[in-house]
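*Asks:* Handing over my_file10.tsv, TSV, C-alpha atoms.
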```
chain	number	residue	atom	x	y	z
A	1	MET	CA	-1.92	-21.00	-10.39
A	2	PHE	CA	1.71	-19.91	-10.53
A	3	ASP	CA	3.97	-19.39	-13.55
A	4	VAL	CA	7.72	-18.99	-13.03
A	5	GLU	CA	9.09	-16.18	-15.21
A	6	ASN	CA	12.73	-16.06	-14.11
A	7	ASN	CA	15.04	-17.80	-11.67
A	8	SER	CA	18.51	-16.85	-10.53
A	9	MET	CA	20.67	-18.39	-7.82
A	10	PHE	CA	22.92	-16.39	-5.53
A	11	GLY	CA	24.83	-18.47	-3.00
A	12	SER	CA	22.35	-20.69	-1.22
A	13	ASP	CA	19.52	-18.24	-1.75
A	14	MET	CA	16.86	-18.26	-4.42
A	15	GLU	CA	15.56	-15.22	-6.32
A	16	THR	CA	12.53	-15.82	-8.52
A	17	VAL	CA	9.91	-13.73	-10.26
A	18	LYS	CA	6.53	-15.41	-10.59
A	19	ILE	CA	2.94	-14.75	-11.60
A	20	TYR	CA	0.06	-15.37	-9.22
A	21	HIS	CA	-3.41	-15.52	-10.79
A	22	TYR	CA	-6.25	-13.93	-8.86
A	23	GLN	CA	-9.74	-13.19	-10.25
A	24	ASN	CA	-8.47	-13.19	-13.86
A	25	LEU	CA	-5.65	-10.82	-12.88
A	26	SER	CA	-1.95	-11.56	-13.20
A	27	ILE	CA	-0.06	-10.53	-10.07
A	28	SER	CA	3.71	-10.29	-10.48
A	29	TYR	CA	5.79	-11.06	-7.42
A	30	GLN	CA	9.43	-11.61	-6.59
A	31	ARG	CA	10.73	-14.16	-4.15
A	32	LEU	CA	14.08	-13.63	-2.45
A	33	GLY	CA	15.62	-15.82	0.23
A	34	MET	CA	15.63	-19.41	1.37
A	35	ASP	CA	12.42	-21.40	1.51
A	36	ASN	CA	13.21	-22.77	4.98
A	37	ASN	CA	13.17	-19.25	6.42
A	38	LYS	CA	10.06	-17.67	7.91
A	39	PRO	CA	8.06	-15.83	5.19
A	40	LEU	CA	7.99	-12.04	4.95
A	41	LEU	CA	5.43	-10.39	2.67
A	42	ILE	CA	6.42	-6.92	1.43
A	43	LEU	CA	3.94	-4.38	-0.01
A	44	HIS	CA	4.84	-1.13	-1.77
A	45	GLY	CA	3.16	2.27	-1.77
A	46	TRP	CA	0.87	4.02	-4.24
A	47	GLY	CA	2.53	4.69	-7.60
A	48	SER	CA	5.42	2.41	-6.68
A	49	ASN	CA	6.26	-1.23	-7.43
A	50	LYS	CA	8.23	-4.22	-6.21
A	51	GLU	CA	11.47	-2.93	-7.74
A	52	VAL	CA	11.53	-0.09	-5.20
A	53	MET	CA	11.23	-2.58	-2.34
A	54	SER	CA	13.62	-5.21	-3.76
A	55	PRO	CA	16.89	-3.77	-2.33
A	56	LEU	CA	15.37	-3.87	1.16
A	57	ALA	CA	14.04	-7.38	0.52
A	58	LYS	CA	17.53	-8.55	-0.52
A	59	GLN	CA	18.94	-7.31	2.77
A	60	LEU	CA	16.20	-9.03	4.77
A	61	SER	CA	16.40	-12.24	2.72
A	62	GLU	CA	19.34	-13.28	4.93
A	63	GLN	CA	16.80	-14.10	7.65
A	64	ARG	CA	13.44	-14.23	5.83
A	65	ASP	CA	11.88	-15.84	2.74
A	66	CYS	CA	10.73	-12.57	1.14
A	67	PHE	CA	7.74	-12.20	-1.18
A	68	VAL	CA	7.53	-8.77	-2.85
A	69	LEU	CA	4.33	-8.05	-4.79
A	70	ASP	CA	3.38	-5.67	-7.55
A	71	LEU	CA	-0.09	-4.71	-6.34
A	72	PRO	CA	-2.85	-4.69	-9.00
A	73	GLY	CA	-2.56	-1.57	-11.13
A	74	PHE	CA	1.17	-1.17	-10.49
A	75	GLY	CA	4.41	-2.53	-11.87
A	76	ASN	CA	3.95	-5.67	-13.95
A	77	SER	CA	0.60	-6.66	-12.42
A	78	SER	CA	-2.76	-6.35	-14.15
A	79	ILE	CA	-5.04	-3.37	-13.71
A	80	PRO	CA	-8.28	-4.39	-11.95
A	81	HIS	CA	-11.32	-4.73	-14.20
A	82	LYS	CA	-13.28	-2.43	-11.91
A	83	ALA	CA	-12.38	0.13	-9.27
A	84	TRP	CA	-11.02	-1.49	-6.11
A	85	ASN	CA	-11.29	-0.37	-2.51
A	86	ILE	CA	-8.99	-1.25	0.39
A	87	ASP	CA	-10.99	-4.37	1.21
A	88	ASP	CA	-10.43	-5.67	-2.33
A	89	TYR	CA	-6.66	-5.33	-1.90
A	90	ALA	CA	-6.87	-6.93	1.56
A	91	ASP	CA	-8.86	-9.83	0.06
A	92	LEU	CA	-6.08	-10.38	-2.48
A	93	ILE	CA	-3.36	-10.45	0.18
A	94	GLN	CA	-5.38	-12.78	2.39
A	95	GLN	CA	-5.90	-15.18	-0.52
A	96	PHE	CA	-2.23	-14.95	-1.54
A	97	ILE	CA	-1.14	-15.92	1.99
A	98	ASP	CA	-3.61	-18.79	2.02
A	99	ASP	CA	-2.79	-20.14	-1.46
A	100	LEU	CA	0.99	-20.04	-0.90
A	101	GLU	CA	0.55	-21.45	2.61
A	102	LEU	CA	2.63	-18.66	4.15
A	103	ASP	CA	1.76	-19.70	7.68
A	104	ARG	CA	2.17	-16.90	10.26
A	105	THR	CA	3.92	-14.63	7.78
A	106	ASP	CA	5.43	-11.32	8.82
A	107	LEU	CA	4.49	-8.15	6.92
A	108	LEU	CA	6.57	-5.15	5.89
A	109	VAL	CA	4.50	-2.44	4.23
A	110	HIS	CA	5.07	1.07	2.94
A	111	SER	CA	2.59	3.94	2.45
A	112	PHE	CA	-0.45	2.56	0.56
A	113	GLY	CA	0.60	-0.91	1.67
A	114	GLY	CA	-0.03	0.35	5.20
A	115	ARG	CA	-3.70	0.88	4.40
A	116	ILE	CA	-3.96	-2.72	3.25
A	117	ALA	CA	-2.15	-4.03	6.33
A	118	LEU	CA	-4.37	-2.11	8.77
A	119	LYS	CA	-7.55	-3.33	7.07
A	120	LEU	CA	-6.31	-6.93	6.88
A	121	CYS	CA	-4.92	-7.10	10.42
A	122	ALA	CA	-8.23	-5.89	11.85
A	123	ARG	CA	-9.97	-8.99	10.49
A	124	PRO	CA	-10.38	-11.81	13.06
A	125	ILE	CA	-8.81	-14.36	10.69
A	126	ALA	CA	-5.61	-12.31	10.40
A	127	GLU	CA	-4.40	-13.31	13.85
A	128	SER	CA	-3.79	-16.84	12.54
A	129	LEU	CA	-2.30	-15.68	9.22
A	130	ILE	CA	0.02	-12.85	10.24
A	131	ASP	CA	2.65	-12.56	12.95
A	132	LYS	CA	4.68	-9.33	13.17
A	133	VAL	CA	4.03	-6.21	11.10
A	134	LEU	CA	6.42	-3.38	10.23
A	135	ILE	CA	4.73	-0.28	8.81
A	136	THR	CA	6.82	2.54	7.38
A	137	GLY	CA	5.28	5.79	6.14
A	138	GLY	CA	1.90	4.08	6.37
A	139	ALA	CA	-1.22	5.81	5.09
A	140	GLY	CA	-4.78	5.49	6.35
A	141	MET	CA	-5.17	8.12	9.07
A	142	LYS	CA	-7.35	11.16	8.47
A	143	PRO	CA	-4.99	14.02	7.60
A	144	LYS	CA	-5.04	17.52	9.01
A	145	ARG	CA	-6.34	19.79	6.24
A	146	SER	CA	-5.32	23.36	5.52
A	147	THR	CA	-7.68	26.18	4.56
A	148	GLY	CA	-6.24	25.97	1.04
A	149	TYR	CA	-7.34	22.35	0.75
A	150	TYR	CA	-10.95	23.19	1.56
A	151	LEU	CA	-10.93	26.14	-0.84
A	152	LYS	CA	-9.79	23.83	-3.65
A	153	LYS	CA	-12.39	21.24	-2.66
A	154	TYR	CA	-15.30	23.68	-2.77
A	155	LEU	CA	-14.06	25.28	-6.00
A	156	ALA	CA	-13.97	21.84	-7.61
A	157	LYS	CA	-17.54	21.17	-6.48
A	158	SER	CA	-18.72	24.51	-7.84
A	159	LEU	CA	-17.07	23.82	-11.21
A	160	LYS	CA	-18.80	20.46	-11.48
A	161	ALA	CA	-22.23	21.59	-10.26
A	162	PRO	CA	-23.55	23.06	-13.56
A	163	PHE	CA	-22.89	19.81	-15.42
A	164	TYR	CA	-25.34	17.86	-13.30
A	165	ILE	CA	-28.32	19.51	-15.00
A	166	LEU	CA	-27.26	17.85	-18.28
A	167	PRO	CA	-28.58	14.47	-19.44
A	168	PRO	CA	-26.30	11.60	-18.23
A	169	ASN	CA	-24.78	10.92	-21.67
A	170	LEU	CA	-23.81	14.57	-22.15
A	171	ARG	CA	-22.80	15.09	-18.53
A	172	GLU	CA	-19.96	12.56	-18.60
A	173	LYS	CA	-18.53	13.95	-21.82
A	174	ALA	CA	-18.59	17.46	-20.39
A	175	LEU	CA	-16.96	16.33	-17.14
A	176	GLN	CA	-14.21	14.58	-19.10
A	177	ARG	CA	-13.46	17.87	-20.88
A	178	LEU	CA	-13.43	19.69	-17.54
A	179	ARG	CA	-10.92	17.19	-16.10
A	180	LYS	CA	-8.52	17.93	-18.96
A	181	THR	CA	-8.38	21.65	-18.24
A	182	ALA	CA	-5.37	23.21	-16.51
A	183	LEU	CA	-7.62	24.72	-13.82
A	184	TRP	CA	-9.08	21.33	-12.88
A	185	LYS	CA	-5.68	19.64	-12.81
A	186	SER	CA	-4.37	22.35	-10.52
A	187	LEU	CA	-7.07	21.50	-7.97
A	188	GLY	CA	-6.22	17.81	-7.68
A	189	SER	CA	-3.29	15.98	-6.08
A	190	SER	CA	-0.34	15.05	-8.27
A	191	ASP	CA	-1.25	11.36	-7.91
A	192	TYR	CA	-4.86	11.98	-8.93
A	193	SER	CA	-3.97	14.10	-11.96
A	194	LYS	CA	-1.75	11.34	-13.37
A	195	LEU	CA	-4.54	8.76	-13.26
A	196	SER	CA	-7.47	7.86	-15.44
A	197	GLY	CA	-10.21	5.26	-15.64
A	198	VAL	CA	-10.27	2.43	-13.13
A	199	MET	CA	-7.14	3.49	-11.27
A	200	ARG	CA	-8.44	7.04	-10.78
A	201	GLU	CA	-11.62	5.62	-9.24
A	202	THR	CA	-9.53	3.21	-7.17
A	203	PHE	CA	-7.42	6.10	-5.88
A	204	VAL	CA	-10.52	8.03	-4.81
A	205	GLN	CA	-12.07	5.00	-3.08
A	206	THR	CA	-8.91	4.13	-1.16
A	207	VAL	CA	-7.66	7.55	-0.06
A	208	THR	CA	-11.06	8.69	1.17
A	209	GLU	CA	-11.45	5.76	3.60
A	210	TYR	CA	-9.91	6.50	6.99
A	211	LEU	CA	-8.90	3.53	9.10
A	212	GLU	CA	-8.94	4.80	12.69
A	213	PRO	CA	-11.83	2.38	13.48
A	214	CYS	CA	-9.57	-0.56	12.57
A	215	LEU	CA	-6.86	0.26	15.11
A	216	PRO	CA	-8.47	-1.15	18.32
A	217	ASN	CA	-9.14	-4.46	16.52
A	218	ILE	CA	-5.48	-5.12	15.63
A	219	PRO	CA	-3.88	-7.64	18.03
A	220	HIS	CA	-0.52	-7.93	16.26
A	221	GLU	CA	2.88	-6.67	17.36
A	222	ILE	CA	3.40	-3.59	15.17
A	223	LEU	CA	6.58	-1.60	14.61
A	224	LEU	CA	5.96	1.86	13.17
A	225	LEU	CA	9.29	2.83	11.59
A	226	TRP	CA	8.96	6.42	10.41
A	227	GLY	CA	11.07	9.05	8.71
A	228	GLU	CA	11.38	12.18	10.84
A	229	HIS	CA	10.55	14.44	7.89
A	230	ASP	CA	7.87	12.33	6.20
A	231	ASP	CA	5.63	14.84	4.40
A	232	ALA	CA	3.33	12.29	2.75
A	233	ALA	CA	2.37	10.52	5.99
A	234	PRO	CA	3.45	13.01	8.69
A	235	LEU	CA	4.69	11.83	12.05
A	236	TYR	CA	1.45	12.79	13.83
A	237	GLN	CA	-0.28	10.04	11.83
A	238	ALA	CA	2.21	7.46	13.12
A	239	GLU	CA	1.60	8.72	16.65
A	240	ARG	CA	-2.13	8.24	16.12
A	241	MET	CA	-1.53	4.65	15.01
A	242	GLU	CA	0.68	4.00	18.03
A	243	ALA	CA	-2.00	5.32	20.37
A	244	GLY	CA	-4.74	3.25	18.73
A	245	ILE	CA	-2.99	-0.13	18.39
A	246	GLU	CA	-2.41	-1.94	21.68
A	247	LYS	CA	0.92	-3.56	20.74
A	248	ALA	CA	2.37	-0.80	18.55
A	249	ALA	CA	5.69	0.96	19.07
A	250	LEU	CA	6.99	3.96	17.13
A	251	VAL	CA	10.64	4.40	16.14
A	252	VAL	CA	11.67	7.57	14.29
A	253	ILE	CA	14.65	7.70	11.92
A	254	ASP	CA	16.38	11.08	11.96
A	255	ASN	CA	16.85	13.03	8.73
A	256	ALA	CA	14.70	10.65	6.70
A	257	GLY	CA	11.52	11.24	4.73
A	258	HIS	CA	8.66	9.18	3.35
A	259	TYR	CA	11.08	6.63	1.87
A	260	ALA	CA	13.08	6.12	5.05
A	261	PHE	CA	14.34	2.75	3.80
A	262	LEU	CA	15.97	4.53	0.85
A	263	ASP	CA	17.10	7.64	2.74
A	264	LYS	CA	18.75	5.71	5.58
A	265	PRO	CA	19.03	2.12	4.29
A	266	ASN	CA	21.59	0.82	6.80
A	267	ARG	CA	19.78	2.26	9.81
A	268	PHE	CA	16.40	1.10	8.54
A	269	THR	CA	17.57	-2.44	7.77
A	270	ALA	CA	19.31	-2.82	11.13
A	271	ILE	CA	16.13	-1.88	13.00
A	272	ALA	CA	13.96	-4.11	10.78
A	273	LYS	CA	16.26	-7.10	11.31
A	274	ALA	CA	16.29	-6.60	15.07
A	275	PHE	CA	12.48	-6.40	15.12
A	276	PHE	CA	11.97	-9.56	13.07
A	277	GLU	CA	14.66	-11.51	14.92
A	278	GLU	CA	13.09	-10.97	18.36
```
Could you show the structure in this file as structure tokens?
*Replies:*
Amino acid sequence: MFDVENNSMFGSDMETVKIYHYQNLSISYQRLGMDNNKPLLILHGWGSNKEVMSPLAKQLSEQRDCFVLDLPGFGNSSIPHKAWNIDDYADLIQQFIDDLELDRTDLLVHSFGGRIALKLCARPIAESLIDKVLITGGAGMKPKRSTGYYLKKYLAKSLKAPFYILPPNLREKALQRLRKTALWKSLGSSDYSKLSGVMRETFVQTVTEYLEPCLPNIPHEILLLWGEHDDAAPLYQAERMEAGIEKAALVVIDNAGHYAFLDKPNRFTAIAKAFFEE
């Protein structure tokens, strides 16, 4: 079921914001471009939303019918009723493609959206649903960890350990108090510390699943378009994806970071257009 929220015309193009209903969730998405163009589905990163991706979508709407989603838990979309894993997000995207009949759609994904794309493209059915894929700053590879990371990890475990001797009803209350302390917050990532409830559990489930096993099963043509100085998904992770995916190619944008499409918009858009036009 689809509800149109807003429509605006610019030239011969159409820009609309709609609601897609999935498992009692309302998924907000924006459509930019002409409906006779090939579809392009655009997914944002963790903590982001469709508004961040919209300027890029507007540039690409000259040659593609762009669909830009707010993933569940972000932007104007509903928060899931339970914690989701990467497969849950991939199920949503697969159903969205099927319901909107976006035959052989292209994908452009950033950061967390990269996790979803890797999981979805490794499914046998994805070869008939998806054509080309552009991943920028994509997550999903196991990161190299510093000694400091492991020290924080083991300190967190030691802080939690005494609470597990408590009865279950008291244990959770005590753990909630622990999570509010400055010491505990200093041990977690900035993303984790900002979260609570379902989205905190979703974050843990998604970032702790590493997707190297998916890579050999991806038959699609993949462009890995990376910022040279990406510190959230470092370049070595892109190189690992390139080595693991048969039809992947890596292009590095100089003097750009995790948001290469914002740091170097003209360069990024030119490369993206050339890739999708081929």
*Asks:* Could you please determine the separation between CA of His229 in chain A and CA of Gly73 in chain A in Å, to one decimal place?
*Replies:*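 Interatomic distance here is 28.1 Å.
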*Asks:* Would you work out the distance separating CA of Gly33 in chain A from CA of Pro124 in chain A, expressed in Å to one decimal?
*Replies:*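 That distance, rounded to one decimal, is 29.3 Å.
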*Asks:* So what do you get for CA of Lys119 in chain A versus CA of Thr16 in chain A, distance-wise?
*Replies:*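 These two atoms are separated by 28.3 Å.
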*Asks:* Env of Gly114 in chain A: 12 Å cut, atoms = only C-alpha atoms, seq-sep filter 2 positions within chain, self excluded. Answer as number ranges by chain.
*Replies:* A: 42-46, 86, 89-90, 107-112, 116-121, 133-141, 206-207, 210-211, 222-225, 233, 237-238, 241
*Asks:* A:Glu221, A:Tyr20, A:Ala272, A:Glu62: which is nearest Ala249 in chain A, counting all atoms listed in the file?
*Replies:*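 Residue with the minimum atom-to-atom distance to Ala249 in chain A: A:Glu221.
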*Asks:* Using all atoms listed in the file, find the one residue out of A:Gln205, A:Asp230, A:Asp88, A:Phe276 that sits nearest to Arg64 in chain A.
*Replies:*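 Nearest to Arg64 in chain A: A:Phe276.
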*Asks:* From the list A:Leu92, A:Leu166, A:Ala260, A:Leu215, which residue is nearest Arg240 in chain A when using only C-alpha atoms?
*Replies:*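 Ranked by minimum distance to Arg240 in chain A, first place goes to A:Leu215.
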*Asks:* Just the residues within 12 Å of His81 in chain A, please, counting all atoms listed in the file, with nothing from its chain fewer than 4 positions along; format it as an MDAnalysis selection string.
*Replies:* chainID A and resid 22:26 72:73 88 197:199 201:202
*Asks:* For each of A:Ala174, A:Leu69, A:Leu40, A:Ala256, take the minimum atom-to-atom distance to Asp231 in chain A, counting all atoms listed in the file, then give the residue where this is smallest.
*Replies:*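 Counting all atoms listed in the file, the residue closest to Asp231 in chain A is A:Ala256.
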*Asks:* Quick one: of A:Leu129, A:Ile165, A:Ala243, A:Leu71, who's nearest to Ile19 in chain A, counting all atoms listed in the file?
*Replies:*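 Residue with the minimum atom-to-atom distance to Ile19 in chain A: A:Leu71.
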*Asks:* Which one is closest to Leu60 in chain A: A:Tyr29, A:Tyr259, A:Phe275, A:Phe74? Count only C-alpha atoms.
*Replies:*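 Nearest to Leu60 in chain A: A:Phe275.
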*Asks:* Could you pull the residues within 12 Å of Asn255 in chain A, counting all atoms listed in the file, minus those fewer than 3 positions along the same chain, as number ranges by chain?
*Replies:* A: 226-230, 252, 258-265, 267-268
